[in-house]
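protein18.txt follows (compact mmCIF, C-alpha atoms):
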# COMPACT_ATOMS: atom_id res chain seq x y z
CA MET A 1 7.40 -4.96 5.86
CA MET A 2 6.96 -1.30 6.72
CA SER A 3 4.93 -1.01 9.87
CA VAL A 4 5.14 0.59 13.28
CA TYR A 5 5.94 -2.94 14.56
CA LEU A 6 9.23 -3.30 16.37
CA GLN A 7 11.05 -6.62 15.98
CA GLY A 8 11.64 -8.27 19.33
CA ASN A 9 10.93 -11.03 21.78
CA SER A 10 9.97 -9.18 24.95
CA TRP A 11 7.24 -10.11 27.43
CA ALA A 12 4.87 -7.85 25.51
CA HIS A 13 5.66 -9.48 22.18
CA ARG A 14 4.85 -12.89 23.61
CA LEU A 15 1.36 -11.96 24.86
CA PRO A 16 -1.44 -13.02 22.47
CA ALA A 17 -2.66 -10.18 20.22
CA GLY A 18 -6.31 -10.64 21.20
CA LEU A 19 -5.48 -10.23 24.89
CA LYS A 20 -3.51 -7.05 24.25
CA LEU A 21 -6.34 -5.56 22.18
CA LEU A 22 -8.86 -6.37 24.89
CA ALA A 23 -6.61 -4.92 27.59
CA ILE A 24 -6.10 -1.66 25.72
CA ALA A 25 -9.83 -1.28 25.08
CA LEU A 26 -10.60 -1.74 28.78
CA ALA A 27 -7.75 0.52 29.92
CA SER A 28 -8.91 3.34 27.62
CA LEU A 29 -12.50 3.10 28.87
CA LEU A 30 -11.27 3.17 32.45
CA LEU A 31 -8.93 6.10 31.88
CA LEU A 32 -11.71 8.18 30.32
CA GLN A 33 -13.36 8.32 33.78
CA TYR A 34 -10.45 10.20 35.37
CA THR A 35 -8.96 13.68 35.06
CA SER A 36 -7.09 13.70 38.38
CA PHE A 37 -3.31 14.05 38.26
CA TRP A 38 -3.12 11.39 41.01
CA VAL A 39 -4.34 8.85 38.45
CA LEU A 40 -2.85 10.31 35.27
CA LEU A 41 0.76 10.73 36.40
CA PRO A 42 1.18 7.13 37.69
CA ALA A 43 -0.54 5.90 34.51
CA LEU A 44 1.92 7.87 32.38
CA GLY A 45 4.77 6.42 34.43
CA ALA A 46 3.44 2.91 33.88
CA VAL A 47 3.19 3.40 30.12
CA LEU A 48 6.71 4.84 29.94
CA LEU A 49 7.98 1.86 31.97
CA CYS A 50 6.37 -0.47 29.40
CA TYR A 51 8.29 1.26 26.61
CA ALA A 52 11.48 1.26 28.68
CA SER A 53 11.14 -2.50 29.22
CA LEU A 54 11.64 -2.92 25.47
CA GLY A 55 15.08 -1.34 25.77
CA ARG A 56 16.58 1.56 23.87
CA ASP A 57 14.63 0.80 20.67
CA GLY A 58 11.44 0.82 22.71
CA LEU A 59 12.11 4.29 24.07
CA ALA A 60 12.83 5.45 20.53
CA GLN A 61 9.20 4.61 19.72
CA LEU A 62 8.12 7.59 21.81
CA LYS A 63 8.82 9.55 18.61
CA LEU A 64 5.12 9.06 17.85
CA LEU A 65 4.42 11.70 20.47
CA ARG A 66 6.76 14.13 18.72
CA ALA A 67 4.74 13.73 15.51
CA MET A 68 1.63 14.70 17.45
CA SER A 69 3.25 17.41 19.56
CA TYR A 70 2.12 20.31 17.35
CA LEU A 71 -1.46 19.17 17.55
CA LEU A 72 -1.30 18.69 21.33
CA ALA A 73 0.39 22.08 21.76
CA ALA A 74 -2.32 23.77 19.68
CA LEU A 75 -5.00 22.18 21.86
CA LEU A 76 -3.20 23.37 24.98
CA VAL A 77 -3.14 26.92 23.61
CA LEU A 78 -6.89 26.76 22.97
CA HIS A 79 -7.39 25.69 26.59
CA TRP A 80 -5.12 28.44 27.81
CA VAL A 81 -7.04 31.06 25.80
CA SER A 82 -10.32 29.90 27.31
CA GLY A 83 -8.84 30.06 30.80
CA SER A 84 -8.78 26.36 31.63
CA LEU A 85 -5.05 25.76 31.47
CA LEU A 86 -4.91 23.19 34.29
CA GLU A 87 -7.78 21.20 32.84
CA GLY A 88 -6.04 21.45 29.48
CA VAL A 89 -2.84 19.96 30.89
CA ALA A 90 -4.83 17.05 32.34
CA MET A 91 -6.59 16.49 29.02
CA ILE A 92 -3.36 16.53 27.02
CA LEU A 93 -1.78 14.19 29.56
CA ARG A 94 -4.68 11.77 29.24
CA LEU A 95 -4.54 11.89 25.45
CA ALA A 96 -0.80 11.22 25.53
CA ILE A 97 -1.30 8.21 27.82
CA MET A 98 -4.06 6.78 25.62
CA ILE A 99 -2.08 7.35 22.41
CA LEU A 100 1.09 5.84 23.84
CA SER A 101 -0.58 2.80 25.37
CA ALA A 102 -2.53 1.98 22.20
CA ASN A 103 0.63 2.48 20.18
CA PHE A 104 2.41 0.08 22.53
CA VAL A 105 0.12 -2.71 21.31
CA SER A 106 0.93 -1.83 17.69
CA VAL A 107 4.65 -1.71 18.42
CA THR A 108 4.67 -5.16 20.01
CA THR A 109 2.25 -7.04 17.73
CA ARG A 110 3.10 -8.35 14.28
CA MET A 111 0.64 -7.24 11.61
CA ASP A 112 -0.20 -10.85 10.71
CA ASP A 113 -1.06 -11.63 14.33
CA MET A 114 -3.20 -8.51 14.55
CA LEU A 115 -5.02 -9.53 11.36
CA ASP A 116 -5.57 -13.07 12.68
CA ALA A 117 -6.93 -11.66 15.93
CA VAL A 118 -9.51 -9.38 14.29
CA LEU A 119 -10.58 -11.44 11.23
CA PRO A 120 -12.95 -13.64 13.30
CA LEU A 121 -14.89 -10.44 14.01
CA PHE A 122 -15.92 -10.40 10.33
CA LYS A 123 -17.38 -13.91 10.64
CA PRO A 124 -20.95 -12.75 11.49
CA LEU A 125 -21.08 -10.92 8.13
CA GLU A 126 -21.33 -14.31 6.42
CA ILE A 127 -25.07 -14.18 7.12
CA PHE A 128 -25.29 -11.29 4.64
CA GLY A 129 -23.33 -13.24 2.05
CA PHE A 130 -20.09 -11.38 2.73
CA SER A 131 -17.06 -13.63 2.69
CA PRO A 132 -14.89 -13.03 5.79
CA ARG A 133 -11.85 -13.68 3.59
CA LYS A 134 -12.43 -10.52 1.60
CA PRO A 135 -11.03 -8.08 4.18
CA ALA A 136 -7.80 -10.08 4.20
CA LEU A 137 -7.64 -10.05 0.40
CA GLY A 138 -8.42 -6.33 0.46
CA VAL A 139 -5.51 -5.71 2.82
CA ALA A 140 -3.17 -7.68 0.57
CA LEU A 141 -4.34 -5.74 -2.51
CA VAL A 142 -3.79 -2.37 -0.84
CA LEU A 143 -0.30 -3.38 0.26
CA ARG A 144 0.55 -4.17 -3.37
CA PHE A 145 -1.23 -1.22 -4.98
CA ALA A 146 0.19 1.55 -2.79
CA PRO A 147 3.88 1.06 -3.73
CA TYR A 148 2.87 0.45 -7.35
CA MET A 149 1.17 3.85 -7.48
CA LEU A 150 4.29 5.53 -6.17
CA VAL A 151 6.28 3.87 -8.99
CA VAL A 152 3.79 5.02 -11.63
CA PHE A 153 3.92 8.56 -10.31
CA ALA A 154 7.73 8.56 -10.11
CA GLN A 155 7.96 7.46 -13.76
CA LEU A 156 5.56 10.16 -14.91
CA ARG A 157 7.47 12.76 -12.95
CA GLU A 158 10.82 11.71 -14.41
CA ALA A 159 9.41 11.96 -17.92
CA TRP A 160 7.96 15.36 -17.07
CA GLN A 161 11.26 16.53 -15.64
CA ALA A 162 13.11 15.42 -18.77
CA ARG A 163 10.71 17.33 -20.99
CA THR A 164 10.31 20.54 -19.03
CA GLY A 165 13.04 20.80 -16.42
CA THR A 166 10.52 21.46 -13.64
CA ARG A 167 10.01 18.84 -10.98
CA ASN A 168 6.30 18.65 -10.37
CA SER A 169 3.09 19.71 -11.93
CA TRP A 170 -0.59 19.24 -11.35
CA ARG A 171 -0.69 18.19 -15.01
CA LEU A 172 0.67 14.82 -13.95
CA LEU A 173 -2.52 14.05 -12.04
CA ALA A 174 -4.59 13.12 -15.07
CA PRO A 175 -2.18 10.62 -16.67
CA PHE A 176 -1.48 9.25 -13.20
CA ALA A 177 -5.17 8.70 -12.47
CA ILE A 178 -5.79 7.05 -15.82
CA GLN A 179 -2.70 4.83 -15.80
CA SER A 180 -3.23 3.58 -12.28
CA LEU A 181 -6.97 3.10 -12.80
CA SER A 182 -6.43 0.94 -15.86
CA MET A 183 -3.93 -1.07 -13.80
CA SER A 184 -6.67 -1.81 -11.27
CA ASP A 185 -8.91 -3.03 -14.10
CA HIS A 186 -6.19 -5.46 -15.19
CA VAL A 187 -5.94 -6.75 -11.63
CA ALA A 188 -9.70 -7.22 -11.42
CA GLU A 189 -9.63 -9.26 -14.65
CA ALA A 190 -6.66 -11.30 -13.48
CA LEU A 191 -8.45 -12.05 -10.22
CA LYS A 192 -11.58 -13.13 -12.08
CA ALA A 193 -9.57 -15.32 -14.46
CA ARG A 194 -8.16 -17.15 -11.45
CA GLY A 195 -11.60 -17.93 -10.06
CA GLY A 196 -12.11 -14.83 -7.95
CA SER A 197 -11.59 -14.48 -4.21
CA GLN A 198 -13.49 -17.73 -3.59
CA GLY A 199 -11.06 -19.57 -5.86
CA LEU A 200 -8.00 -18.69 -3.79
CA SER A 201 -6.48 -21.58 -1.88
CA ARG A 202 -7.92 -21.96 1.58
CA MET B 1 -19.63 -7.76 -3.09
CA ALA B 2 -18.20 -8.72 -6.45
CA ASP B 3 -14.46 -9.23 -6.77
CA ARG B 4 -14.22 -6.32 -9.19
CA SER B 5 -15.72 -4.05 -6.54
CA LEU B 6 -13.23 -5.38 -4.01
CA VAL B 7 -10.37 -4.44 -6.33
CA HIS B 8 -11.81 -0.95 -6.80
CA VAL B 9 -12.26 -0.51 -3.06
CA ALA B 10 -8.66 -1.66 -2.47
CA PHE B 11 -7.47 0.68 -5.22
CA TYR B 12 -8.86 3.77 -3.54
CA ALA B 13 -7.72 2.60 -0.11
CA ALA B 14 -4.24 2.36 -1.62
CA LEU B 15 -4.62 5.81 -3.19
CA ILE B 16 -5.46 7.33 0.20
CA SER B 17 -2.41 5.54 1.63
CA ALA B 18 -0.12 6.74 -1.16
CA LEU B 19 -1.37 10.32 -0.76
CA GLY B 20 -0.53 10.07 2.94
CA LEU B 21 3.11 9.58 1.95
CA VAL B 22 3.12 12.87 0.03
CA PRO B 23 4.85 15.38 2.33
CA PRO B 24 2.55 18.16 3.60
CA VAL B 25 2.83 21.45 1.73
CA ALA B 26 2.65 24.74 3.58
CA ILE B 27 1.07 27.35 1.34
CA ALA B 28 1.95 30.92 2.25
CA PHE B 29 -1.26 32.60 1.12
CA LEU B 30 -3.25 30.14 3.23
CA GLY B 31 -1.44 31.30 6.35
CA GLY B 32 1.28 28.68 6.20
CA VAL B 33 -0.91 25.90 7.57
CA PRO B 34 0.46 22.60 6.25
CA ILE B 35 -2.06 20.83 4.04
CA THR B 36 -1.83 17.11 3.44
CA ALA B 37 -2.98 15.31 0.34
CA GLN B 38 -4.73 12.55 2.26
CA THR B 39 -8.28 13.93 2.34
CA LEU B 40 -8.04 14.41 -1.42
CA GLY B 41 -8.08 10.61 -1.56
CA VAL B 42 -11.11 10.47 0.73
CA MET B 43 -13.02 12.89 -1.51
CA LEU B 44 -11.98 11.03 -4.65
CA ALA B 45 -13.04 7.67 -3.20
CA GLY B 46 -16.55 8.91 -2.49
CA VAL B 47 -17.02 10.85 -5.71
CA MET B 48 -15.54 8.20 -7.99
CA LEU B 49 -16.86 5.02 -6.37
CA GLY B 50 -20.28 6.04 -5.11
CA PRO B 51 -21.57 5.82 -1.54
CA ILE B 52 -21.10 2.20 -0.46
CA ARG B 53 -17.83 1.37 -2.15
CA GLY B 54 -16.44 4.82 -1.37
CA ALA B 55 -17.14 4.40 2.34
CA LEU B 56 -15.74 0.85 2.26
CA ALA B 57 -12.52 2.11 0.65
CA VAL B 58 -12.00 4.59 3.50
CA LEU B 59 -12.85 1.91 6.08
CA LEU B 60 -10.33 -0.48 4.51
CA PHE B 61 -7.71 2.27 4.68
CA LEU B 62 -8.49 2.92 8.37
CA PHE B 63 -8.34 -0.84 9.00
CA LEU B 64 -4.79 -0.91 7.60
CA VAL B 65 -3.81 2.04 9.78
CA ALA B 66 -5.25 0.25 12.82
CA LEU B 67 -3.23 -2.85 11.91
CA GLY B 68 -0.12 -0.73 12.35
CA LEU B 69 0.77 0.55 8.86
CA PRO B 70 2.13 4.11 8.96
CA PHE B 71 -0.12 5.32 6.14
CA LEU B 72 -1.68 8.28 7.91
CA SER B 73 -0.06 11.57 6.84
CA GLY B 74 3.10 12.29 8.79
CA GLY B 75 3.92 8.58 8.83
CA ARG B 76 1.53 7.87 11.68
CA GLY B 77 -0.18 4.54 12.18
CA GLY B 78 -1.16 1.95 14.73
CA LEU B 79 -3.89 2.00 17.33
CA GLY B 80 -2.50 5.13 18.96
CA VAL B 81 -3.93 7.46 16.31
CA PHE B 82 -7.45 6.31 17.15
CA MET B 83 -6.94 7.59 20.68
CA GLY B 84 -5.79 11.03 19.50
CA PRO B 85 -7.79 14.26 19.42
CA SER B 86 -8.43 14.04 15.67
CA VAL B 87 -10.16 10.66 15.86
CA GLY B 88 -13.47 12.39 15.05
CA PHE B 89 -12.09 13.34 11.64
CA LEU B 90 -11.04 9.75 11.01
CA ILE B 91 -14.59 8.62 11.85
CA GLY B 92 -15.95 11.42 9.68
CA TRP B 93 -14.00 10.31 6.61
CA PRO B 94 -16.03 7.19 5.70
CA VAL B 95 -19.29 9.06 6.41
CA GLY B 96 -18.07 11.96 4.27
CA ALA B 97 -17.19 9.58 1.43
CA LEU B 98 -20.64 8.02 1.76
CA VAL B 99 -22.40 11.38 1.49
CA ALA B 100 -20.13 12.56 -1.36
CA GLY B 101 -20.85 9.37 -3.29
CA TRP B 102 -24.55 9.65 -2.64
CA ILE B 103 -24.73 13.26 -3.89
CA MET B 104 -22.67 12.32 -6.94
CA GLN B 105 -25.06 9.49 -7.70
CA SER B 106 -28.20 11.57 -7.32
CA THR B 107 -26.93 14.46 -9.49
CA ARG B 108 -26.36 12.33 -12.55
CA GLU B 109 -27.88 14.94 -14.85
CA MET B 110 -25.67 17.76 -13.65
CA ASN B 111 -22.41 18.88 -15.25
CA ILE B 112 -19.73 16.56 -13.88
CA LEU B 113 -17.32 19.30 -12.77
CA ALA B 114 -20.01 21.05 -10.72
CA ALA B 115 -21.46 17.82 -9.33
CA ALA B 116 -18.02 16.60 -8.23
CA ALA B 117 -17.22 19.94 -6.58
CA ILE B 118 -20.52 20.01 -4.66
CA SER B 119 -20.20 16.36 -3.60
CA ALA B 120 -16.61 16.80 -2.42
CA ALA B 121 -17.41 20.03 -0.57
CA VAL B 122 -20.48 18.69 1.24
CA GLY B 123 -19.13 15.19 1.92
CA GLY B 124 -15.45 15.99 2.32
CA ILE B 125 -15.75 19.22 4.30
CA LEU B 126 -19.23 19.74 5.78
CA VAL B 127 -19.85 16.19 6.94
CA VAL B 128 -16.25 15.51 7.98
CA TYR B 129 -16.05 18.67 10.11
CA ALA B 130 -19.54 18.09 11.55
CA ILE B 131 -18.18 14.85 13.05
CA GLY B 132 -14.57 15.92 13.53
CA ILE B 133 -15.19 19.10 15.55
CA PRO B 134 -17.29 17.44 18.30
CA GLY B 135 -14.56 14.76 18.33
CA VAL B 136 -11.89 17.35 19.13
CA ALA B 137 -14.19 18.93 21.72
CA ILE B 138 -14.73 15.61 23.51
CA MET B 139 -11.21 14.23 23.28
CA ALA B 140 -9.50 17.49 24.28
CA GLY B 141 -12.18 18.76 26.67
CA LEU B 142 -12.70 21.99 24.73
CA SER B 143 -15.93 23.86 24.05
CA LEU B 144 -17.45 23.38 20.59
CA PRO B 145 -16.67 26.93 19.33
CA LYS B 146 -13.06 26.62 20.47
CA ALA B 147 -12.73 23.24 18.79
CA ALA B 148 -14.29 24.65 15.63
CA LEU B 149 -11.89 27.59 15.70
CA GLY B 150 -8.92 25.24 16.03
CA SER B 151 -10.11 23.04 13.18
CA SER B 152 -11.06 25.85 10.81
CA VAL B 153 -7.43 26.56 9.86
CA PHE B 154 -7.55 23.48 7.63
CA ILE B 155 -10.62 24.55 5.66
CA PRO B 156 -8.80 26.66 3.01
CA GLY B 157 -6.57 23.68 2.25
CA ASP B 158 -9.63 21.47 1.97
CA LEU B 159 -11.19 23.88 -0.52
CA VAL B 160 -8.08 23.49 -2.69
CA LYS B 161 -8.62 19.71 -2.53
CA VAL B 162 -12.26 20.11 -3.54
CA ALA B 163 -11.13 21.97 -6.66
CA LEU B 164 -8.52 19.29 -7.41
CA THR B 165 -11.12 16.55 -6.94
CA ALA B 166 -13.47 18.20 -9.42
CA VAL B 167 -10.73 18.64 -12.03
CA ILE B 168 -9.46 15.07 -11.63
CA VAL B 169 -12.95 13.57 -11.85
CA GLN B 170 -13.70 15.57 -14.98
CA THR B 171 -10.41 14.50 -16.57
CA VAL B 172 -10.98 10.85 -15.76
CA ALA B 173 -14.55 11.07 -17.07
CA ARG B 174 -13.09 12.24 -20.39
CA GLY B 175 -10.22 9.78 -20.63
CA LEU B 176 -11.67 6.70 -18.97
CA PRO B 177 -15.44 7.21 -18.59
CA GLY B 178 -16.04 3.73 -17.17
CA ALA B 179 -13.90 4.56 -14.16
CA VAL B 180 -16.40 7.06 -12.73
CA LEU B 181 -18.32 4.22 -11.13
CA SER B 182 -20.70 6.48 -9.22
CA ARG B 183 -22.26 7.42 -12.55
CA SER B 184 -22.05 4.22 -14.56
Translate this file's structure into structure tokens.
Amino acid sequence: MMSVYLQGNSWAHRLPAGLKLLAIALASLLLLQYTSFWVLLPALGAVLLCYASLGRDGLAQLKLLRAMSYLLAALLVLHWVSGSLLEGVAMILRLAIMILSANFVSVTTRMDDMLDAVLPLFKPLEIFGFSPRKPALGVALVLRFAPYMLVVFAQLREAWQARTGTRNSWRLLAPFAIQSLSMSDHVAEALKARGGSQGLSR
Amino acid sequence: MADRSLVHVAFYAALISALGLVPPVAIAFLGGVPITAQTLGVMLAGVMLGPIRGALAVLLFLFLVALGLPFLSGGRGGLGVFMGPSVGFLIGWPVGALVAGWIMQSTREMNILAAAAISAAVGGILVVYAIGIPGVAIMAGLSLPKAALGSSVFIPGDLVKVALTAVIVQTVARGLPGAVLSRS
């Protein structure tokens, strides 16, 4: 399954998902109180050590920061322009720590475990007649729909390419919308025919 | 929520995800700022589904991102993105979809192309930036005008998406009228 999750059996993988989520929430709240380099630099070191403890593949996960580097650099420039460069560096540092530490939880927790840890939070919605199983079904539906849409679009594009020789066109949007929308209607009917979300095996 | 609604919500959440996989396009006459297709999905969800289901579709999408799926444009995902400077925009998306859906619903009499364009512009740009810019200011410690300046480079791209939303909604209304749920 495509996910930011990294296969492994480290100390971090073995911790329960709920505990990790709680820890990251508390750590972020705590970190938001500080802008001093005396706190931020050791914190950054600690986060990097966490990644390093996962081995070479763990360190490779720091690529997330590269994806965000343009954004962080732009923010730093804005700080520089307004004459608060040092404060800007502290802010960017803090953001990087918070991003990396939250990402660490995602990297070391299987999606199923994460889902199991958060689904009980939907339980109180039962009072309003909302089945707590629906978010899980929704997640499953999205995971099936998204690749299907890419297939539909690829087929339309191939046909378009065969007819015109050009690769892409906004003209494909309409048939794509209509084809994929009618697919979702078929799925809704199929779900109803099988007894709906309440009819799924418990 | 009926099962049919759940399928529709999941459909648009999947559409936003799929649009996140479309590589960003840098358009020269917009100053070369890369524009991603993702917020097109947010606008479409609100305009097509109406306020409640539109907002739920965006929330379901964000839920999947939080679970660790790399569906956010640029292949980002996981809890880390909710700690980043653009978290305000992520929070703004479901609210924007809600407002877009609400405007669409209350302008039933208006021409569909115009109604969709207004809904997408107000919900997808005005509301999203109204929440996103303070988010950047808080997370990055910038002043509001500076944060607004930094965010404004994406507005031309968003206007292109508003136009696309309007055209798509009009086309769907012609070919598959039942699918424009905000008006049925």
Using CA of Ser84 in chain A and CA of Ala27 in chain A as the two end points, give the distance in Å to one decimal.
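According to the coordinates, CA of Ser84 in chain A and CA of Ala27 in chain A are separated by 25.9 Å.
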Using only C-alpha atoms, determine which residues of chain A fall within 8 Å of chain B; present them as a PyMOL selection string.
chain A and resi 2-5+64+67+74-75+78-79+87-88+91-92+95-96+98-107+111+114-115+130+134-135+138-139+141-143+145-147+149-150+173-174+177-178+181+184-185+187-189+191-192+196-197
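The gap separating CA of Ser69 in chain A from CA of Asn9 in chain A is 29.5 Å, in Å to one decimal.
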May I have the centre and edge lengths, in Å to one decimal, of an axis-aligned box around the listed atoms of range 186-190 of chain A with 3 Å added to every side, as JSON?
{"center_x": -7.8, "center_y": -8.4, "center_z": -13.3, "size_x": 9.8, "size_y": 11.8, "size_z": 9.8}
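One finds CA of Leu48 in chain A at 18.4 Å from CA of Ser36 in chain A.
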Return the single residue from B:Pro177, B:Val25, B:Arg183, B:Val128 that is closest to Glu109 in chain B, with distances computed using only C-alpha atoms.
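Closest to Glu109 in chain B of all the choices is B:Arg183.
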Dig up all the protein and nucleic acid residues within 6 Å of (0.9, 2.6, 30.6) in the file frame, using only C-alpha atoms, and format them as a list in words.
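Counting only C-alpha atoms, I find these residues within 6 Å of (0.9, 2.6, 30.6): Ala43, Leu44, Ala46, Val47 and Ser101 of chain A.
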How would the residues just chosen look if you wrote them out with C-alpha atoms as a CSV table (one decimal), keeping the file's coordinate frame?
chain,number,residue,atom,x,y,z
A,43,ALA,CA,-0.5,5.9,34.5
A,44,LEU,CA,1.9,7.9,32.4
A,46,ALA,CA,3.4,2.9,33.9
A,47,VAL,CA,3.2,3.4,30.1
A,101,SER,CA,-0.6,2.8,25.4
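For the set A:Trp160, A:Trp38, A:Phe153, A:Trp170, the residue with the smallest atom-to-atom gap to Leu93 in chain A is A:Trp38, counting all atoms listed in the file.
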